[in-house]
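Step one of this worksheet: look at the structure below.
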Amino acid sequence: MKKPCSKTLAAAESAKITVIGGGIAGITAAHELAVAGHEVSLVESSERLGGLGTYFDWNGHWIDKFYHCQMPSDDDLLQLIDDLGISDRMYWKQTRMGFLVGNKRFAFNGALDLLKFSPLTFLERIRFGVVSLLLRQLGKGKDLDHMRIEDWLSGIYGKSIWEKLLKPLFVSKFGPAAGDMPALYIWERLGREKNTASRGYLKSGLKFFLDTAEARLKDLGVEVIKEAKVSSIDEVGDGVIITTLHDQRKIVGDWCISTIPLPLLQHVLDGTSLEEKVRIPDVPYQGVVNAMFFLKRPLDNYYWAPVMGCGTEFDGIVEMTELIETGHYAGHHCAYVMKYCDRNCDLFQEDEKSIALRWKQQLIDLYPDLQLTTADIEDVQVFKAPFVEPAYPLGYSEKKPAINENGNRLFLATSAQVYPRITAWNSSCWMAKNVVRELTERMAAEAGNRSGARSVVSIS
Ligand SMILES: Cc1cc2nc3c(=O)[nH]c(=O)nc-3n(C[C@H](O)[C@H](O)[C@H](O)COP(=O)(O)OP(=O)(O)OC[C@H]3O[C@@H](n4cnc5c(N)ncnc54)[C@H](O)[C@@H]3O)c2cc1C
């Protein structure tokens with residue numbers, strides 16, 4: 001493992017910075033700041049770091065609650081993994097994509113598969129293939145941030161392909177208003193993902209990564225404070241005071257970086273001196289209900305497959321053991337199924353056990369040819385997350401919150417600012433690094449002003 005290499009700053013240059021939220025954004029920000037020699041407190045409301053990249057104990061095995069994989073283009077995350085000295089644990093595998101449409105299974109990994117994809121007519125298949133190849137090119141020079149996804153895609157693919165294939169895909173991720181989102185989102189997304197793709201995973205799982213990161217942060221002198229929900233952030237003079245909910249503990253710093261979802265941040269700022277100074281757009285967030293199946297048999301040979309018109313409540317399947325050894329799951333095959341939805345909807349509010357029971361039967365019915373029975377399913381675990389990703393409005397590039405504004409001492413590094421990048425660990429890393437860069441420039445400017453003021457005083 002690499003040795004931490006904290007640059008020691010002169011006491012006058014070193015600042016005290018509080019980072020709120022111990023997900024990957026908070027971890028990255030705390031790491032960058034500590035390596036630069038600052039005094040950092042990382043404050044997390046739950047009992048462990050990880051945020052959405054969290055895990056649970058399944059009969060003595062640490063299993064990720066939500067499916068996570070990485071892409072070879074995840075430069076900022078891979079750099080962090082390297083900085084932590086664990087890049088030798090990263091491995092890559094070619095994975096495949098499928099489609100389940102009307103209870104039929106289709107491979108979806110290239111021209112030959114597309115030619116056999118019968119949910120589209122033959123001419124539609126050809127059109128789909130040609131337009132998909134040209135899609136990145138077709139978007140160049142267009143103001144896609146102000147163009148509805150539906151208008152752009154139904155224009156170039158044709159109405160029928162939009163209705164049969166693309167609309168259900170977007171609606172499954174962003175809800176009924178998905179067609180109103182900016183086309184820039186999909187254009188950008190195509191830069192990251194391919195159907196047949198090399199996907200990566202860290203051997204030993206997310207817990208290993210998070211334990212390593214936490215140990216490194218502590219080595220660098222970061223104060224990691226868990227089970228501490230921040231209830232207010234206030235600016236007082238040249239400092240920021242954070243108050244935690246249950247013990248009313250005050251943490252005083254020169255600066256603060258918040259990584260928590262915007263609706264939670266809004267709540268934390270309500271009634272404080274920062275309420276009027278930080279512009280937080282009212283964007284709807286999608287949450288997720290996600291069920292994890294421990295199976296005695298594999299399902300198919302696809303890493304992921306959207307599910308359409310099959311009578312299931314879930315809209316997609318990620319068969320994790322297409323990427324990860326079954327040994328990671330105590331010898332079981334592992335599949336996640338998911339429904340992205342609003343946190344206030346009936347499904348999100350429903351009890352996990354009853355969802356598990358219903359979705360178990362739906363999974364069995366989805367693969368009649370496999371003749372799955374309940375005996376093939378060892379266990380089902382349901383997890384929910386209320387804030388996964390905003391359903392972005394048109395023109396979101398101008399609407400998204402600034403990293404910092406009005407000269408205040410609070411900086412934002414939330415997943416709602418990564419747009420038009422997709423919400424992912426890498427994007428949060430990238431965001432956190434940008435925010436640390438901007439904060440560092442601001443600190444340097446303030447230090448310059450102070451020394452300028454001092455020299456004026458000494459001359460006079
Ligand atoms: C089902 C699913 C699948 C995914 N698949 C992938 C994938 O394959 N690859 C990939 O790269 N990404 C994937 N992601 C996305 C990825 O998990 C997120 O983009 C990333 O974790 C966001 O990290 P973050 O640090 O920005 O925010 P979060 O992870 O949301 O972290 C915010 C943290 O703030 C804490 N917090 C909230 N309020 C307070 C408070 N008041 N006080 C203190 N702490 C607070 C929370 O507890 C949390 O730990 C997936 C997400 C989901 C849900």
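Letters A, B, ... mark the chains of the structure tokens in the order given; residue numbers begin at 1 per chain; ligand numbers begin at 1, in order shown.
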
List the neighbours of Thr414 in chain A out to 8 Å using only C-alpha atoms; skip same-chain residues closer than 5 positions along the sequence, and give me the result as a PDB file with C-alpha atoms, in the first residue's frame.
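Below you can see around-v2.pdb, which holds the result:
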```pdb
ATOM      1  CA  ALA A  25     -17.693  12.753  -3.122  1.00  0.00           C
ATOM      2  CA  SER A 258     -21.387  19.850   1.351  1.00  0.00           C
ATOM      3  CA  THR A 259     -21.939  16.714  -0.740  1.00  0.00           C
ATOM      4  CA  ILE A 260     -25.455  15.842   0.442  1.00  0.00           C
ATOM      5  CA  PRO A 261     -28.462  15.737  -1.940  1.00  0.00           C
ATOM      6  CA  LEU A 262     -30.005  19.163  -2.596  1.00  0.00           C
ATOM      7  CA  SER A 428     -18.718  12.483  -7.927  1.00  0.00           C
ATOM      8  CA  MET A 431     -16.929  16.986  -9.008  1.00  0.00           C
TER       9      MET A 431
END
```

*Go through the chains and note each residue within 8 Å of ligand 1, using only C-alpha atoms and all ligand atoms, then give the set as a PyMOL selection string.*
chain A and resi 20-27+43-46+48-53+66-71+227-231+244+259-261+264-265+268+287-290+338+385+387-389+413-415+422-429

Using C-alpha atoms, can you export the residues from the last selection as a PDB file, in the first residue's frame?
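The resulting out-v1.pdb:
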```pdb
ATOM      1  CA  ILE A  20     -20.417  16.997   4.988  1.00  0.00           C
ATOM      2  CA  GLY A  21     -21.409  13.574   3.634  1.00  0.00           C
ATOM      3  CA  GLY A  22     -19.233  10.479   3.621  1.00  0.00           C
ATOM      4  CA  GLY A  23     -20.139   9.144   0.166  1.00  0.00           C
ATOM      5  CA  ILE A  24     -17.541   8.956  -2.577  1.00  0.00           C
ATOM      6  CA  ALA A  25     -17.693  12.753  -3.122  1.00  0.00           C
ATOM      7  CA  GLY A  26     -17.010  13.475   0.550  1.00  0.00           C
ATOM      8  CA  ILE A  27     -14.253  10.865   0.715  1.00  0.00           C
ATOM      9  CA  VAL A  43     -19.088  14.329   8.934  1.00  0.00           C
ATOM     10  CA  GLU A  44     -21.414  11.462   7.958  1.00  0.00           C
ATOM     11  CA  SER A  45     -24.928  10.862   9.240  1.00  0.00           C
ATOM     12  CA  SER A  46     -24.939   7.068   9.009  1.00  0.00           C
ATOM     13  CA  ARG A  48     -20.478   4.027   7.908  1.00  0.00           C
ATOM     14  CA  LEU A  49     -18.933   5.786   4.931  1.00  0.00           C
ATOM     15  CA  GLY A  50     -20.033   4.967   1.378  1.00  0.00           C
ATOM     16  CA  GLY A  51     -23.325   6.799   0.755  1.00  0.00           C
ATOM     17  CA  LEU A  52     -25.109   5.033  -2.113  1.00  0.00           C
ATOM     18  CA  GLY A  53     -22.069   2.784  -2.491  1.00  0.00           C
ATOM     19  CA  PHE A  66     -26.776  -1.481  -4.845  1.00  0.00           C
ATOM     20  CA  TYR A  67     -25.078  -2.858  -7.941  1.00  0.00           C
ATOM     21  CA  HIS A  68     -21.892  -0.962  -8.795  1.00  0.00           C
ATOM     22  CA  CYS A  69     -19.370  -1.443 -11.565  1.00  0.00           C
ATOM     23  CA  GLN A  70     -16.775   0.834 -13.103  1.00  0.00           C
ATOM     24  CA  MET A  71     -15.861   1.786 -16.655  1.00  0.00           C
ATOM     25  CA  GLU A 227     -23.508   8.890  13.086  1.00  0.00           C
ATOM     26  CA  ALA A 228     -23.544  12.668  13.072  1.00  0.00           C
ATOM     27  CA  LYS A 229     -26.377  14.136  11.037  1.00  0.00           C
ATOM     28  CA  VAL A 230     -25.743  17.780  10.252  1.00  0.00           C
ATOM     29  CA  SER A 231     -28.815  19.849  11.106  1.00  0.00           C
ATOM     30  CA  THR A 244     -25.113  18.011  14.453  1.00  0.00           C
ATOM     31  CA  THR A 259     -21.939  16.714  -0.740  1.00  0.00           C
ATOM     32  CA  ILE A 260     -25.455  15.842   0.442  1.00  0.00           C
ATOM     33  CA  PRO A 261     -28.462  15.737  -1.940  1.00  0.00           C
ATOM     34  CA  LEU A 264     -31.528  17.605   2.315  1.00  0.00           C
ATOM     35  CA  LEU A 265     -29.179  20.556   2.011  1.00  0.00           C
ATOM     36  CA  VAL A 268     -30.210  22.043   6.627  1.00  0.00           C
ATOM     37  CA  GLY A 287     -35.114   7.292  -5.881  1.00  0.00           C
ATOM     38  CA  VAL A 288     -34.788   3.548  -6.332  1.00  0.00           C
ATOM     39  CA  VAL A 289     -36.257   0.328  -5.000  1.00  0.00           C
ATOM     40  CA  ASN A 290     -33.734  -2.399  -5.590  1.00  0.00           C
ATOM     41  CA  MET A 338     -34.641  -2.338  -9.814  1.00  0.00           C
ATOM     42  CA  ALA A 385     -32.546   4.950  -1.731  1.00  0.00           C
ATOM     43  CA  PHE A 387     -32.122  10.402  -3.680  1.00  0.00           C
ATOM     44  CA  VAL A 388     -30.316   8.822  -6.610  1.00  0.00           C
ATOM     45  CA  GLU A 389     -30.431  11.333  -9.442  1.00  0.00           C
ATOM     46  CA  ALA A 413     -20.042  19.094  -4.482  1.00  0.00           C
ATOM     47  CA  THR A 414     -23.313  17.228  -5.001  1.00  0.00           C
ATOM     48  CA  SER A 415     -24.313  14.639  -7.561  1.00  0.00           C
ATOM     49  CA  ILE A 422     -24.140  10.716 -15.535  1.00  0.00           C
ATOM     50  CA  THR A 423     -24.499  10.070 -11.832  1.00  0.00           C
ATOM     51  CA  ALA A 424     -21.688   7.695 -10.945  1.00  0.00           C
ATOM     52  CA  TRP A 425     -18.796   7.318  -8.538  1.00  0.00           C
ATOM     53  CA  ASN A 426     -16.411   8.706 -11.110  1.00  0.00           C
ATOM     54  CA  SER A 427     -18.542  11.806 -11.674  1.00  0.00           C
ATOM     55  CA  SER A 428     -18.718  12.483  -7.927  1.00  0.00           C
ATOM     56  CA  CYS A 429     -14.921  12.122  -7.682  1.00  0.00           C
TER      57      CYS A 429
END
```

*Extract the full set of strand (DSSP E or B) residues from range 306-385 of chain A according to DSSP on the backbone, and format it as a PyMOL selection string.*
chain A and resi 306-308+316-319+333-341+377-385

Check which residues of range 36-140 of chain A sit at most 7 Å from range 294-317 of chain A using only C-alpha atoms, and return one row each with the closest pair of atoms and their distance in Å to one decimal, ordered by chain and rising number, as CSV.
```
residue,atom,partner,partner_atom,distance
A:Thr95,CA,A:Tyr303,CA,5.7
A:Arg96,CA,A:Tyr302,CA,4.8
A:Met97,CA,A:Tyr302,CA,4.9
A:Gly98,CA,A:Ala305,CA,4.5
A:Phe99,CA,A:Ala305,CA,4.8
A:Leu100,CA,A:Val307,CA,4.7
A:Val101,CA,A:Met308,CA,4.8
A:Gly102,CA,A:Cys310,CA,4.8
A:Asn103,CA,A:Cys310,CA,5.2
```

*Find the residue from A:Lys400, A:Lys218, A:Arg199, A:His267 that sits nearest to Leu42 in chain A; use only C-alpha atoms when measuring.*
A:Lys218

*May I have the residues within 12 Å of range 438-443 of chain A as a VMD selection string, using only C-alpha atoms and disregarding those fewer than 4 positions away in the same chain?*
chain A and resid 12 to 17 29 32 to 33 36 to 38 238 254 to 257 402 to 405 407 to 413 431 to 434 447 to 450

Hey, can you spit out that residue selection with C-alpha atoms as a PDB file, in the first residue's frame?
```
ATOM      1  CA  ALA A  12      -0.918  30.306   8.136  1.00  0.00           C
ATOM      2  CA  GLU A  13      -1.875  28.582   4.837  1.00  0.00           C
ATOM      3  CA  SER A  14      -3.520  25.526   6.348  1.00  0.00           C
ATOM      4  CA  ALA A  15      -7.275  25.860   6.715  1.00  0.00           C
ATOM      5  CA  LYS A  16      -9.827  23.969   8.768  1.00  0.00           C
ATOM      6  CA  ILE A  17     -12.437  22.489   6.474  1.00  0.00           C
ATOM      7  CA  ALA A  29     -12.818  15.908  -1.143  1.00  0.00           C
ATOM      8  CA  GLU A  32      -7.599  15.824  -1.635  1.00  0.00           C
ATOM      9  CA  LEU A  33      -7.700  18.438   1.122  1.00  0.00           C
ATOM     10  CA  ALA A  36      -2.725  19.191   0.506  1.00  0.00           C
ATOM     11  CA  GLY A  37      -2.111  19.607   4.242  1.00  0.00           C
ATOM     12  CA  HIS A  38      -5.418  21.013   5.455  1.00  0.00           C
ATOM     13  CA  ASP A 238     -14.793  34.317   8.630  1.00  0.00           C
ATOM     14  CA  ASP A 254     -12.910  28.170   7.979  1.00  0.00           C
ATOM     15  CA  TRP A 255     -14.759  26.535   5.089  1.00  0.00           C
ATOM     16  CA  CYS A 256     -17.338  23.862   4.451  1.00  0.00           C
ATOM     17  CA  ILE A 257     -17.978  21.526   1.515  1.00  0.00           C
ATOM     18  CA  ALA A 402     -22.986  26.898  -8.507  1.00  0.00           C
ATOM     19  CA  ILE A 403     -20.018  25.376  -6.700  1.00  0.00           C
ATOM     20  CA  ASN A 404     -19.874  28.578  -4.709  1.00  0.00           C
ATOM     21  CA  GLU A 405     -21.668  31.892  -4.933  1.00  0.00           C
ATOM     22  CA  GLY A 407     -18.584  34.892  -1.780  1.00  0.00           C
ATOM     23  CA  ASN A 408     -19.882  32.652   0.975  1.00  0.00           C
ATOM     24  CA  ARG A 409     -17.816  29.986   2.688  1.00  0.00           C
ATOM     25  CA  LEU A 410     -19.944  26.997   1.726  1.00  0.00           C
ATOM     26  CA  PHE A 411     -18.948  25.023  -1.385  1.00  0.00           C
ATOM     27  CA  LEU A 412     -21.194  22.412  -3.015  1.00  0.00           C
ATOM     28  CA  ALA A 413     -20.042  19.094  -4.482  1.00  0.00           C
ATOM     29  CA  MET A 431     -16.929  16.986  -9.008  1.00  0.00           C
ATOM     30  CA  ALA A 432     -15.217  16.821  -5.617  1.00  0.00           C
ATOM     31  CA  LYS A 433     -11.809  17.442  -7.194  1.00  0.00           C
ATOM     32  CA  ASN A 434     -13.151  20.488  -9.080  1.00  0.00           C
ATOM     33  CA  ALA A 447      -4.284  34.731   1.688  1.00  0.00           C
ATOM     34  CA  GLY A 448      -2.930  37.058  -1.042  1.00  0.00           C
ATOM     35  CA  ASN A 449      -5.356  39.797  -0.007  1.00  0.00           C
ATOM     36  CA  ARG A 450      -4.369  39.425   3.630  1.00  0.00           C
TER      37      ARG A 450
END
```

Sort by chain and increasing residue number a table of all residues of range 134-182 of chain A within 10 Å of range 114-127 of chain A, each with its closest pair of atoms and their distance in Å to one decimal, counting only C-alpha atoms, and write it as JSON lines.
```
{"residue": "A:Ile156", "atom": "CA", "partner": "A:Arg127", "partner_atom": "CA", "distance": 9.1}
{"residue": "A:Tyr157", "atom": "CA", "partner": "A:Arg127", "partner_atom": "CA", "distance": 6.7}
{"residue": "A:Gly158", "atom": "CA", "partner": "A:Glu124", "partner_atom": "CA", "distance": 8.6}
{"residue": "A:Ser160", "atom": "CA", "partner": "A:Glu124", "partner_atom": "CA", "distance": 8.2}
{"residue": "A:Ile161", "atom": "CA", "partner": "A:Glu124", "partner_atom": "CA", "distance": 6.8}
{"residue": "A:Lys164", "atom": "CA", "partner": "A:Leu120", "partner_atom": "CA", "distance": 7.7}
{"residue": "A:Leu165", "atom": "CA", "partner": "A:Leu120", "partner_atom": "CA", "distance": 8.3}
```

Go ahead and write the residues just picked, N, CA and C atoms, as a PDB file, in the first residue's frame.
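Output (part-v1.pdb):
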```pdb
ATOM      1  N   ILE A 156     -34.714  11.813 -34.928  1.00  0.00           N
ATOM      2  CA  ILE A 156     -33.675  11.107 -35.691  1.00  0.00           C
ATOM      3  C   ILE A 156     -33.938   9.599 -35.807  1.00  0.00           C
ATOM      4  N   TYR A 157     -34.559   8.998 -34.790  1.00  0.00           N
ATOM      5  CA  TYR A 157     -34.838   7.553 -34.874  1.00  0.00           C
ATOM      6  C   TYR A 157     -36.202   7.267 -35.506  1.00  0.00           C
ATOM      7  N   GLY A 158     -37.106   8.275 -35.427  1.00  0.00           N
ATOM      8  CA  GLY A 158     -38.485   8.043 -35.878  1.00  0.00           C
ATOM      9  C   GLY A 158     -39.373   7.753 -34.668  1.00  0.00           C
ATOM     10  N   SER A 160     -41.760   5.649 -34.118  1.00  0.00           N
ATOM     11  CA  SER A 160     -42.044   4.275 -33.736  1.00  0.00           C
ATOM     12  C   SER A 160     -40.943   3.697 -32.842  1.00  0.00           C
ATOM     13  N   ILE A 161     -39.679   3.930 -33.209  1.00  0.00           N
ATOM     14  CA  ILE A 161     -38.564   3.415 -32.395  1.00  0.00           C
ATOM     15  C   ILE A 161     -38.576   4.097 -31.027  1.00  0.00           C
ATOM     16  N   LYS A 164     -41.523   2.415 -29.052  1.00  0.00           N
ATOM     17  CA  LYS A 164     -41.363   0.990 -28.711  1.00  0.00           C
ATOM     18  C   LYS A 164     -40.171   0.734 -27.790  1.00  0.00           C
ATOM     19  N   LEU A 165     -39.084   1.462 -28.021  1.00  0.00           N
ATOM     20  CA  LEU A 165     -37.846   1.075 -27.353  1.00  0.00           C
ATOM     21  C   LEU A 165     -37.280   2.159 -26.433  1.00  0.00           C
TER      22      LEU A 165
END
```
